[in-house]
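The file work.txt comes next; it holds compact mmCIF, C-alpha atoms.
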```txt
# COMPACT_ATOMS: atom_id res chain seq x y z
CA MET A 8 17.90 -16.56 7.75
CA GLY A 9 18.41 -17.09 4.01
CA TYR A 10 19.74 -14.55 1.55
CA ILE A 11 17.41 -11.93 0.05
CA THR A 12 17.59 -9.54 -2.89
CA ILE A 13 16.97 -5.78 -2.90
CA THR A 14 14.89 -4.43 -5.80
CA THR A 15 12.93 -1.34 -6.69
CA GLU A 16 9.78 -0.58 -8.64
CA LYS A 17 11.82 1.92 -10.63
CA ASN A 18 14.56 0.91 -13.06
CA GLU A 19 17.33 2.54 -11.05
CA THR A 20 20.88 1.20 -11.14
CA TYR A 21 22.55 3.96 -9.15
CA SER A 22 22.42 5.26 -5.59
CA SER A 23 20.02 8.18 -5.91
CA ILE A 24 18.31 9.59 -2.84
CA SER A 25 14.91 11.16 -3.35
CA ASN A 26 14.45 14.73 -2.16
CA HIS A 27 11.20 13.54 -0.59
CA PHE A 28 13.23 11.26 1.67
CA ILE A 29 15.40 14.17 2.78
CA ASP A 30 12.51 16.64 3.18
CA TYR A 31 9.83 14.44 4.73
CA TYR A 32 11.09 11.03 5.91
CA MET A 33 14.62 11.53 7.20
CA THR A 34 13.85 14.28 9.73
CA ASP A 35 11.69 12.15 12.04
CA ALA A 36 13.64 8.89 11.69
CA ASN A 37 16.21 7.42 14.04
CA GLY A 38 19.78 7.91 12.77
CA GLU A 39 20.42 4.15 12.60
CA PHE A 40 17.21 3.71 10.59
CA VAL A 41 18.39 6.34 8.10
CA LYS A 42 21.73 4.55 7.66
CA VAL A 43 19.98 1.24 7.01
CA TYR A 44 17.73 2.83 4.36
CA LEU A 45 20.69 4.47 2.62
CA TYR A 46 22.53 1.15 2.61
CA LEU A 47 19.50 -0.61 1.09
CA VAL A 48 19.47 2.02 -1.65
CA ARG A 49 23.14 1.31 -2.25
CA LEU A 50 22.49 -2.46 -2.45
CA MET A 51 20.04 -1.97 -5.32
CA SER A 52 22.98 -1.47 -7.69
CA SER A 53 24.72 -4.61 -6.45
CA THR A 54 24.04 -8.02 -7.95
CA ALA A 55 25.39 -9.94 -4.97
CA PRO A 56 22.83 -11.40 -2.52
CA VAL A 57 22.84 -10.08 1.01
CA SER A 58 21.50 -11.19 4.38
CA VAL A 59 20.38 -9.33 7.47
CA ALA A 60 23.54 -10.59 9.16
CA ASP A 61 25.65 -8.98 6.43
CA ILE A 62 23.95 -5.61 6.95
CA ALA A 63 24.35 -5.93 10.71
CA ASP A 64 28.05 -6.66 10.33
CA HIS A 65 28.49 -3.70 8.00
CA PHE A 66 27.19 -1.28 10.64
CA ASN A 67 28.40 -3.24 13.67
CA LEU A 68 24.79 -3.59 14.83
CA THR A 69 22.68 -6.56 15.90
CA GLU A 70 20.34 -8.33 13.52
CA LYS A 71 17.46 -7.31 15.77
CA GLU A 72 18.35 -3.64 15.29
CA ILE A 73 18.42 -4.09 11.52
CA CYS A 74 14.99 -5.76 11.64
CA ARG A 75 13.64 -2.89 13.76
CA ALA A 76 14.85 -0.41 11.13
CA ILE A 77 13.22 -2.40 8.32
CA LYS A 78 9.94 -2.63 10.27
CA TYR A 79 10.01 1.13 10.81
CA TRP A 80 10.41 1.88 7.10
CA ILE A 81 7.64 -0.60 6.27
CA SER A 82 5.34 1.31 8.65
CA GLN A 83 6.24 4.50 6.75
CA ASP A 84 5.28 2.95 3.39
CA VAL A 85 8.92 3.21 2.29
CA LEU A 86 9.62 -0.53 1.95
CA LYS A 87 7.69 -3.73 1.44
CA LEU A 88 8.72 -7.37 1.87
CA ASN A 89 8.51 -9.95 -0.90
CA TYR A 90 7.61 -13.60 -0.31
CA ASP A 91 7.53 -16.68 -2.50
CA GLN A 92 4.61 -19.11 -2.80
CA THR A 93 5.77 -21.03 0.26
CA GLY A 94 5.72 -17.89 2.39
CA GLU A 95 9.51 -17.57 2.61
CA LEU A 96 10.99 -14.07 2.53
CA THR A 97 12.79 -13.48 -0.77
CA GLY A 98 13.50 -9.77 -0.90
CA ILE A 99 12.77 -6.15 -0.06
CA THR A 100 11.26 -3.63 -2.48
CA LEU A 101 11.92 0.10 -2.09
CA LEU A 102 8.69 1.95 -2.81
CA PRO A 103 8.37 5.35 -4.51
CA LEU A 104 8.29 8.09 -1.86
CA LYS A 105 5.41 10.50 -1.54
CA GLU A 106 5.31 14.16 -0.68
CA LYS A 107 3.92 14.96 2.76
CA VAL A 108 2.59 18.51 2.80
CA THR A 109 0.59 19.90 5.71
CA SER A 110 0.13 23.38 7.10
CA LYS A 111 2.57 22.57 9.91
CA ASP A 112 5.33 21.00 7.86
CA LEU A 113 8.69 22.67 7.46
CA LEU A 114 9.09 24.72 4.32
CA SER A 115 11.04 22.73 1.79
CA ILE A 116 13.92 24.49 0.08
CA ASP A 117 11.93 24.58 -3.19
CA ASN A 118 9.26 26.75 -1.53
CA ILE A 119 11.46 29.36 0.13
CA ALA A 120 10.76 32.62 -1.65
CA PHE A 121 14.21 34.18 -1.54
CA PHE A 122 15.79 31.20 -3.33
CA LYS A 123 13.51 31.67 -6.33
CA THR A 124 14.06 34.09 -9.18
CA PRO A 125 11.80 37.08 -8.49
CA ALA A 126 9.19 37.98 -11.05
CA ARG A 127 9.96 40.99 -13.18
CA ASN A 128 8.42 44.22 -11.94
CA THR A 129 7.95 47.27 -14.08
CA GLN A 130 8.56 49.48 -11.07
CA PRO A 131 12.24 50.00 -10.21
CA GLN A 132 13.22 48.59 -6.83
CA PRO A 133 16.19 49.70 -4.72
CA GLU A 134 18.74 46.92 -5.28
CA ALA A 135 20.48 47.39 -1.96
CA SER A 136 17.19 47.26 -0.10
CA ASN A 137 16.18 43.99 -1.80
CA LYS A 138 19.52 42.37 -1.08
CA GLU A 139 19.39 43.45 2.54
CA ALA A 140 15.87 42.00 2.95
CA ALA A 141 16.92 38.69 1.41
CA LYS A 142 20.01 38.60 3.59
CA ASN A 143 17.98 39.24 6.75
CA SER A 144 15.41 36.58 5.80
CA ALA A 145 18.12 34.01 5.11
CA HIS A 146 19.97 34.89 8.30
CA SER A 147 16.75 34.52 10.36
CA LEU A 148 15.92 31.14 8.84
CA LEU A 149 19.44 29.75 9.24
CA THR A 150 19.68 31.06 12.83
CA ASP A 151 16.43 29.31 13.74
CA LYS A 152 17.72 26.11 12.16
CA ARG A 153 20.97 26.25 14.15
CA ASN A 154 18.99 26.76 17.34
CA GLY A 155 16.88 23.69 16.57
CA LYS A 156 13.68 25.68 16.09
CA THR A 157 10.83 24.43 13.95
CA PRO A 158 8.94 27.13 12.03
CA SER A 159 5.48 27.37 13.54
CA GLU A 160 2.28 27.77 11.60
CA GLN A 161 2.43 31.50 12.27
CA GLU A 162 5.96 31.70 10.87
CA SER A 163 4.88 29.81 7.77
CA GLN A 164 2.03 32.24 7.34
CA ALA A 165 4.46 35.14 7.75
CA ALA A 166 6.54 33.76 4.87
CA PHE A 167 3.41 33.54 2.72
CA PRO A 168 1.09 36.22 4.14
CA VAL A 169 -2.63 35.82 3.57
CA THR A 170 -4.89 38.82 3.99
CA LEU A 171 -8.02 37.97 5.93
CA PRO A 172 -11.28 39.53 4.76
CA ALA A 173 -12.65 42.11 7.18
CA LYS A 174 -15.48 40.91 9.38
CA LYS A 175 -18.74 42.77 8.80
CA SER A 176 -21.06 43.61 11.64
CA TYR A 177 -24.16 41.45 11.87
CA THR A 178 -27.19 43.41 10.70
CA PRO A 179 -30.92 42.73 10.42
CA ALA A 180 -30.41 42.50 6.66
CA MET A 181 -27.94 39.65 7.18
CA ALA A 182 -30.40 37.93 9.51
CA LYS A 183 -33.12 38.16 6.89
CA LYS A 184 -30.80 36.87 4.19
CA ALA A 185 -29.71 33.98 6.38
CA SER A 186 -33.29 33.01 7.17
CA GLU A 187 -34.20 32.99 3.47
CA ASP A 188 -31.19 30.84 2.48
CA ASP A 189 -32.18 27.19 2.98
CA ALA A 190 -28.60 25.94 2.90
CA PHE A 191 -27.50 28.48 5.52
CA ALA A 192 -30.57 27.63 7.61
CA ASP A 193 -29.38 24.00 7.59
CA ILE A 194 -25.99 25.13 8.94
CA ILE A 195 -27.70 27.03 11.76
CA TYR A 196 -29.85 24.01 12.59
CA GLU A 197 -26.80 21.69 12.61
CA ALA A 198 -24.83 24.06 14.86
CA GLU A 199 -27.71 24.37 17.32
CA THR A 200 -28.22 20.60 17.32
CA TYR A 201 -24.55 19.77 17.93
CA PHE A 202 -24.01 22.58 20.44
CA GLY A 203 -27.29 21.90 22.24
CA ARG A 204 -28.39 25.54 22.44
CA MET A 205 -29.81 28.43 20.45
CA LEU A 206 -27.23 30.53 18.65
CA SER A 207 -26.61 34.09 19.82
CA ALA A 208 -26.22 37.17 17.63
CA ASN A 209 -22.42 36.83 17.99
CA ASP A 210 -22.64 33.21 16.88
CA MET A 211 -24.67 34.23 13.82
CA GLU A 212 -22.11 36.91 13.00
CA ILE A 213 -19.34 34.28 13.05
CA LEU A 214 -21.28 31.91 10.80
CA VAL A 215 -21.97 34.69 8.29
CA TYR A 216 -18.29 35.69 8.36
CA ILE A 217 -17.10 32.14 7.70
CA HIS A 218 -19.69 31.64 4.97
CA ASP A 219 -19.62 35.01 3.19
CA GLN A 220 -16.23 36.57 3.90
CA LEU A 221 -14.06 33.42 4.11
CA GLY A 222 -16.10 31.78 1.35
CA PHE A 223 -16.60 28.38 3.02
CA SER A 224 -19.09 26.12 1.25
CA THR A 225 -22.04 24.61 3.08
CA GLU A 226 -20.34 21.20 3.12
CA LEU A 227 -17.09 22.65 4.49
CA MET A 228 -18.96 24.55 7.25
CA GLU A 229 -20.83 21.39 8.25
CA TYR A 230 -17.54 19.49 8.48
CA LEU A 231 -16.04 22.37 10.50
CA ILE A 232 -18.83 22.14 13.08
CA GLU A 233 -18.57 18.35 13.30
CA TYR A 234 -14.79 18.55 13.63
CA CYS A 235 -14.98 21.04 16.51
CA VAL A 236 -17.52 18.88 18.33
CA THR A 237 -15.26 15.81 18.03
CA LEU A 238 -12.60 17.86 19.82
CA GLY A 239 -15.08 18.70 22.58
CA LYS A 240 -15.17 22.37 21.51
CA LYS A 241 -18.81 23.41 21.29
CA SER A 242 -17.99 27.04 20.62
CA LEU A 243 -18.26 29.06 17.44
CA ARG A 244 -15.38 31.20 18.66
CA TYR A 245 -13.22 28.11 18.47
CA ALA A 246 -14.76 27.19 15.10
CA GLU A 247 -13.86 30.68 13.83
CA THR A 248 -10.22 30.18 14.89
CA VAL A 249 -10.06 26.84 13.08
CA ALA A 250 -11.72 28.35 10.00
CA ILE A 251 -9.19 31.19 9.88
CA ASN A 252 -6.30 28.71 10.14
CA TRP A 253 -7.78 26.64 7.33
CA TYR A 254 -8.29 29.77 5.23
CA LYS A 255 -4.66 30.80 5.71
CA ALA A 256 -3.52 27.28 4.83
CA GLY A 257 -5.49 27.36 1.58
CA VAL A 258 -8.10 24.82 2.68
CA ARG A 259 -11.16 25.15 0.46
CA THR A 260 -12.70 21.65 0.34
CA VAL A 261 -13.75 19.00 2.85
CA ALA A 262 -11.00 16.67 1.59
CA GLU A 263 -8.37 19.35 2.21
CA ALA A 264 -9.85 20.04 5.65
CA LYS A 265 -9.65 16.36 6.58
CA THR A 266 -5.99 16.30 5.55
CA ALA A 267 -5.25 19.46 7.55
CA SER A 268 -7.17 18.25 10.62
CA GLN A 269 -5.20 14.99 10.84
CA ASP A 270 -2.32 16.85 12.47
CA PHE A 271 -4.65 18.19 15.16
CA ASN A 272 -6.58 15.02 15.98
CA PRO A 273 -6.10 14.50 19.74
CA ILE A 274 -6.41 10.71 19.41
CA TYR A 275 -3.51 10.52 16.96
CA LYS A 276 -1.29 12.70 19.14
CA SER A 277 -2.18 10.88 22.36
CA VAL A 278 -1.61 7.41 20.88
CA PHE A 279 1.72 8.48 19.40
CA LYS A 280 2.78 9.95 22.74
CA GLN A 281 1.77 6.78 24.61
CA LEU A 282 3.73 4.58 22.19
CA GLY A 283 6.75 6.90 22.15
CA ILE A 284 6.40 7.71 18.43
CA ASN A 285 8.04 11.03 17.60
CA ARG A 286 6.50 11.51 14.15
CA GLN A 287 3.88 14.22 13.70
CA THR A 288 1.95 12.67 10.82
CA PRO A 289 0.60 9.10 11.02
CA THR A 290 0.72 6.74 8.05
CA SER A 291 -2.43 5.74 6.20
CA ILE A 292 -2.40 2.33 7.93
CA GLU A 293 -2.06 3.92 11.38
CA ILE A 294 -4.90 6.34 10.62
CA ALA A 295 -7.11 3.45 9.50
CA TYR A 296 -6.46 1.60 12.76
CA MET A 297 -7.12 4.64 15.00
CA GLU A 298 -10.24 5.68 13.08
CA SER A 299 -11.53 2.11 13.42
CA TRP A 300 -10.94 2.09 17.19
CA ASN A 301 -12.77 5.35 17.70
CA LYS A 302 -15.55 5.27 15.11
CA GLU A 303 -16.21 1.62 14.28
CA LEU A 304 -15.50 -0.01 17.65
CA GLY A 305 -16.73 3.08 19.50
CA PHE A 306 -13.92 3.41 22.05
CA ASP A 307 -13.09 6.73 23.71
CA LEU A 308 -9.53 7.94 24.10
CA PRO A 309 -8.98 6.67 27.71
CA VAL A 310 -9.84 3.10 26.68
CA ILE A 311 -7.62 3.30 23.59
CA LEU A 312 -4.70 4.54 25.70
CA GLU A 313 -5.28 1.72 28.21
CA ALA A 314 -5.01 -0.78 25.35
CA CYS A 315 -1.76 0.90 24.25
CA GLN A 316 -0.38 0.65 27.78
CA ARG A 317 -1.24 -3.05 28.02
CA ALA A 318 0.36 -3.70 24.64
CA ILE A 319 3.56 -2.04 25.86
CA LEU A 320 3.55 -4.12 29.06
CA ALA A 321 3.00 -7.32 27.08
CA LYS A 322 5.52 -6.48 24.35
CA PRO A 323 7.89 -3.78 25.60
CA HIS A 324 10.05 -3.81 22.47
CA SER A 325 7.56 -4.76 19.78
CA ALA A 326 4.16 -3.27 20.66
CA ASN A 327 2.45 -2.30 17.39
CA PHE A 328 -0.92 -1.16 16.06
CA ALA A 329 -1.96 -4.69 15.05
CA TYR A 330 -1.42 -5.97 18.61
CA ILE A 331 -3.36 -3.03 20.08
CA ASN A 332 -6.12 -3.68 17.57
CA GLY A 333 -6.36 -7.28 18.81
CA ILE A 334 -6.82 -6.07 22.40
CA LEU A 335 -9.54 -3.60 21.45
CA GLU A 336 -11.39 -6.06 19.21
CA ASN A 337 -11.42 -8.57 22.09
CA TRP A 338 -12.84 -5.92 24.43
CA HIS A 339 -15.46 -4.99 21.85
CA LYS A 340 -16.40 -8.66 21.51
CA HIS A 341 -17.01 -8.81 25.28
CA ASN A 342 -18.99 -5.54 25.25
CA ILE A 343 -16.28 -3.60 27.08
CA LYS A 344 -16.84 0.15 26.62
CA THR A 345 -15.30 2.04 29.56
CA LEU A 346 -12.37 1.85 31.96
CA ARG A 347 -14.84 0.72 34.62
CA ASP A 348 -15.83 -2.21 32.40
CA ILE A 349 -12.16 -3.13 32.05
CA GLU A 350 -11.73 -3.10 35.85
CA LYS A 351 -14.73 -5.40 36.26
CA MET A 352 -13.40 -7.75 33.58
CA ASP A 353 -9.98 -7.85 35.27
CA LYS A 354 -11.54 -8.54 38.67
CA SER A 355 -13.70 -11.33 37.27
CA PHE A 356 -10.70 -12.85 35.52
CA HIS A 357 -8.58 -12.87 38.69
CA GLU A 358 -11.43 -14.36 40.72
CA GLN A 359 -11.95 -17.14 38.19
CA LYS A 360 -8.22 -17.77 38.10
CA ALA A 361 -8.10 -17.98 41.92
CA GLN A 362 -11.06 -20.41 41.98
CA ALA A 363 -9.48 -22.54 39.29
CA GLY A 364 -6.25 -22.61 41.28
CA ALA A 365 -8.06 -23.67 44.47
CA GLN A 366 -9.90 -26.42 42.64
CA ASN A 367 -6.67 -27.72 41.15
CA THR A 368 -5.10 -27.76 44.61
CA ARG A 369 -7.98 -29.75 46.11
CA SER A 370 -8.02 -32.17 43.20
CA LYS A 371 -4.31 -32.69 43.53
CA SER A 372 -4.64 -33.27 47.26
CA LYS A 373 -7.37 -35.88 46.80
CA SER A 374 -5.49 -37.56 44.02
CA THR A 375 -2.37 -37.79 46.18
CA SER A 376 -4.25 -39.30 49.19
CA PHE A 377 -5.95 -41.90 47.06
CA GLY A 378 -2.68 -42.76 45.41
CA ASN A 379 -1.03 -43.23 48.79
CA PHE A 380 -3.80 -45.60 49.84
CA GLU A 381 -3.60 -47.57 46.62
CA ASN A 382 0.17 -47.83 46.67
CA LYS A 383 0.51 -48.88 50.34
CA ASP A 384 2.11 -52.30 50.87
CA MET A 385 -0.57 -54.49 52.60
CA SER A 386 1.27 -57.85 52.42
CA LYS A 387 2.29 -57.91 56.13
CA GLU A 388 -1.26 -57.25 57.36
CA LEU A 389 -2.62 -59.93 55.05
CA ASP A 390 -0.08 -62.50 56.33
CA GLU A 391 -1.01 -61.83 59.95
CA MET A 392 -4.74 -62.19 59.16
CA GLU A 393 -4.07 -65.46 57.39
CA GLN A 394 -2.08 -66.84 60.38
CA LEU A 395 -4.86 -65.92 62.79
CA PHE A 396 -7.42 -67.55 60.55
CA LEU A 397 -5.41 -70.78 60.37
CA LYS A 398 -4.87 -70.78 64.11
CA GLU A 399 -8.57 -70.39 64.70
CA ILE A 400 -9.34 -73.35 62.47
CA ASN A 401 -6.72 -75.63 64.09
CA THR A 402 -8.02 -75.01 67.57
CA GLN A 403 -11.49 -76.14 66.74
```

Write-out of the structure in structure tokens:
Amino acid sequence: MGYITITTEKNETYSSISNHFIDYYMTDANGEFVKVYLYLVRLMSSTAPVSVADIADHFNLTEKEICRAIKYWISQDVLKLNYDQTGELTGITLLPLKEKVTSKDLLSIDNIAFFKTPARNTQPQPEASNKEAAKNSAHSLLTDKRNGKTPSEQESQAAFPVTLPAKKSYTPAMAKKASEDDAFADIIYEAETYFGRMLSANDMEILVYIHDQLGFSTELMEYLIEYCVTLGKKSLRYAETVAINWYKAGVRTVAEAKTASQDFNPIYKSVFKQLGINRQTPTSIEIAYMESWNKELGFDLPVILEACQRAILAKPHSANFAYINGILENWHKHNIKTLRDIEKMDKSFHEQKAQAGAQNTRSKSKSTSFGNFENKDMSKELDEMEQLFLKEINTQ
């Protein structure tokens, strides 16, 4: 492989590591991958060309391991490769890192309350009490970190408590108001259509609570219902739980809800588990692939996981989303929709392969027999026939 150069889209001439890398990218990455990234950052300030072999030698790794690290960071939108007009690789560009904030992410150090300067309060506070509370909070957080614990969504909410509005009992006045509100009537109709049943008084109470007390817009409530149905949860009790979690996480728009729901999408989690990916949040490219498989190609999760398994069997060390996409697009082209269809296709393929093998065997056998006949030495038989013919003539 030829030599390449390391550049950046920023005019940096020093080894500076972004806090975003430490907070969001480093935690889920393999240790060797992290070392390779840090070394690439270091190489930006060097004018000497470098090769993959040089990097491998520096870390006493194989070139294949270095390439795996580079591919990983490309999948994370951390790097990109540069090519010349002939298609030859000329360099690597380090891309600006982006903040990844979800309701389940770890609290970054900038967001931890006891590290910030408290706002001034006109009421005097017991100094010892405040110090003790900060000490206990810090001790709890550091203890959890030593034990390898990840703060759960409930723990995050405890750090930033959100008071839920009280649920009001469903009354005839609410029912009348709901029936007179066209937008709310549309929500009821959508819920009954998706859930396939008439809503009960308890269901109506939940819808009113989400709409009036939690303050969800009509569009956000419609997305909430659709989202629950995609998870196979046709229950407004479940929808209420999701709505409360969104409310606590500060979700107020459909765009914010889509971002929050990405972490809970069962397809994403299942595909990542099948492929052995330990990250919680998929990249934009990975999301585009998985959304395409499910919504555009129309495949259910079992079929998608079967394609993942076949990709792993075909390419144990390099199975990727593009390869899986090729498998699924081929199945879609042949109108494959279910696991049963895949079994039929496999059976048909093996039968055709067996028939083709039998035909080749017969053709080979015939070809060999004919060749033996053609290649047989007939000179002796011809000589004997000629002698007999001459003898017959001479005796006449």

Nearest to Lys184 in chain A by atom-to-atom distance, counting all atoms listed in the file, from A:Met211, A:Leu45, A:Leu243, A:Ile232: A:Met211

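Counting from CA of Pro103 in chain A, the distance to CA of Lys265 in chain A is 23.9 Å.
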
Residue neighbourhood Leu227 in chain A, 12 Å, only C-alpha atoms, exclusion window fewer than 5 positions, as a list in words: Phe191, Ile194, Leu214, Ile217, His218, Leu221, Gly222, Ile232, Glu233, Tyr234, Ala246, Val249, Ala250, Trp253, Tyr254, Val258, Arg259, Thr260, Val261, Ala262, Glu263, Ala264 and Lys265 of chain A

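Among the candidates A:Glu72, A:Asp61, A:Glu212, A:Glu226, the residue lying nearest to Met181 in chain A is A:Glu212 (atoms considered: all atoms listed in the file).
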
Residues near Thr69 in chain A, cut-off 8 Å, only C-alpha atoms, skip fewer than 5 positions along chain, as an NGL selection string: :A and (60 or 63-64)

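Minimum atom-to-atom distance to Ile292 in chain A, evaluated using only C-alpha atoms, belongs to A:Ile81 out of A:Leu88, A:Val41, A:Ile81, A:Val278.
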
Taking the partial coordinates given, rebuild range 249-274 of chain A to contain N, CA and C atoms; return it as a tab-separated table (two decimals), in the frame of the given file.
```
chain	number	residue	atom	x	y	z
A	249	VAL	N	-10.42	27.94	13.99
A	249	VAL	CA	-10.06	26.84	13.08
A	249	VAL	C	-10.28	27.26	11.63
A	250	ALA	N	-11.41	27.91	11.36
A	250	ALA	CA	-11.72	28.35	10.00
A	250	ALA	C	-10.67	29.31	9.46
A	251	ILE	N	-10.21	30.23	10.30
A	251	ILE	CA	-9.19	31.19	9.88
A	251	ILE	C	-7.89	30.46	9.56
A	252	ASN	N	-7.52	29.49	10.41
A	252	ASN	CA	-6.30	28.71	10.14
A	252	ASN	C	-6.41	27.94	8.84
A	253	TRP	N	-7.58	27.35	8.59
A	253	TRP	CA	-7.78	26.64	7.33
A	253	TRP	C	-7.71	27.61	6.15
A	254	TYR	N	-8.30	28.78	6.31
A	254	TYR	CA	-8.29	29.77	5.23
A	254	TYR	C	-6.87	30.18	4.89
A	255	LYS	N	-6.06	30.41	5.92
A	255	LYS	CA	-4.66	30.80	5.71
A	255	LYS	C	-3.86	29.68	5.07
A	256	ALA	N	-4.23	28.44	5.39
A	256	ALA	CA	-3.52	27.28	4.83
A	256	ALA	C	-4.00	26.91	3.44
A	257	GLY	N	-5.00	27.64	2.93
A	257	GLY	CA	-5.49	27.36	1.58
A	257	GLY	C	-6.51	26.25	1.51
A	258	VAL	N	-7.10	25.89	2.64
A	258	VAL	CA	-8.10	24.82	2.68
A	258	VAL	C	-9.41	25.36	2.12
A	259	ARG	N	-9.92	24.69	1.08
A	259	ARG	CA	-11.16	25.15	0.46
A	259	ARG	C	-12.19	24.02	0.28
A	260	THR	N	-11.79	22.78	0.50
A	260	THR	CA	-12.70	21.65	0.34
A	260	THR	C	-12.69	20.78	1.59
A	261	VAL	N	-13.68	19.90	1.69
A	261	VAL	CA	-13.75	19.00	2.85
A	261	VAL	C	-12.55	18.05	2.85
A	262	ALA	N	-12.16	17.58	1.67
A	262	ALA	CA	-11.00	16.67	1.59
A	262	ALA	C	-9.74	17.35	2.11
A	263	GLU	N	-9.54	18.61	1.73
A	263	GLU	CA	-8.37	19.35	2.21
A	263	GLU	C	-8.45	19.59	3.71
A	264	ALA	N	-9.67	19.83	4.22
A	264	ALA	CA	-9.85	20.04	5.65
A	264	ALA	C	-9.54	18.78	6.44
A	265	LYS	N	-9.94	17.62	5.90
A	265	LYS	CA	-9.65	16.36	6.58
A	265	LYS	C	-8.14	16.12	6.65
A	266	THR	N	-7.45	16.45	5.56
A	266	THR	CA	-5.99	16.30	5.55
A	266	THR	C	-5.36	17.23	6.57
A	267	ALA	N	-5.82	18.48	6.61
A	267	ALA	CA	-5.25	19.46	7.55
A	267	ALA	C	-5.57	19.09	8.99
A	268	SER	N	-6.75	18.54	9.24
A	268	SER	CA	-7.17	18.25	10.62
A	268	SER	C	-6.50	17.01	11.18
A	269	GLN	N	-5.87	16.19	10.35
A	269	GLN	CA	-5.20	14.99	10.84
A	269	GLN	C	-4.10	15.34	11.83
A	270	ASP	N	-3.42	16.45	11.57
A	270	ASP	CA	-2.32	16.85	12.47
A	270	ASP	C	-2.83	17.29	13.83
A	271	PHE	N	-4.12	17.65	13.92
A	271	PHE	CA	-4.65	18.19	15.16
A	271	PHE	C	-5.55	17.20	15.89
A	272	ASN	N	-5.71	16.01	15.34
A	272	ASN	CA	-6.58	15.02	15.98
A	272	ASN	C	-5.98	14.60	17.32
A	273	PRO	N	-6.68	14.81	18.42
A	273	PRO	CA	-6.10	14.50	19.74
A	273	PRO	C	-5.85	13.01	19.94
A	274	ILE	N	-6.63	12.15	19.27
A	274	ILE	CA	-6.41	10.71	19.41
A	274	ILE	C	-5.07	10.32	18.80
```
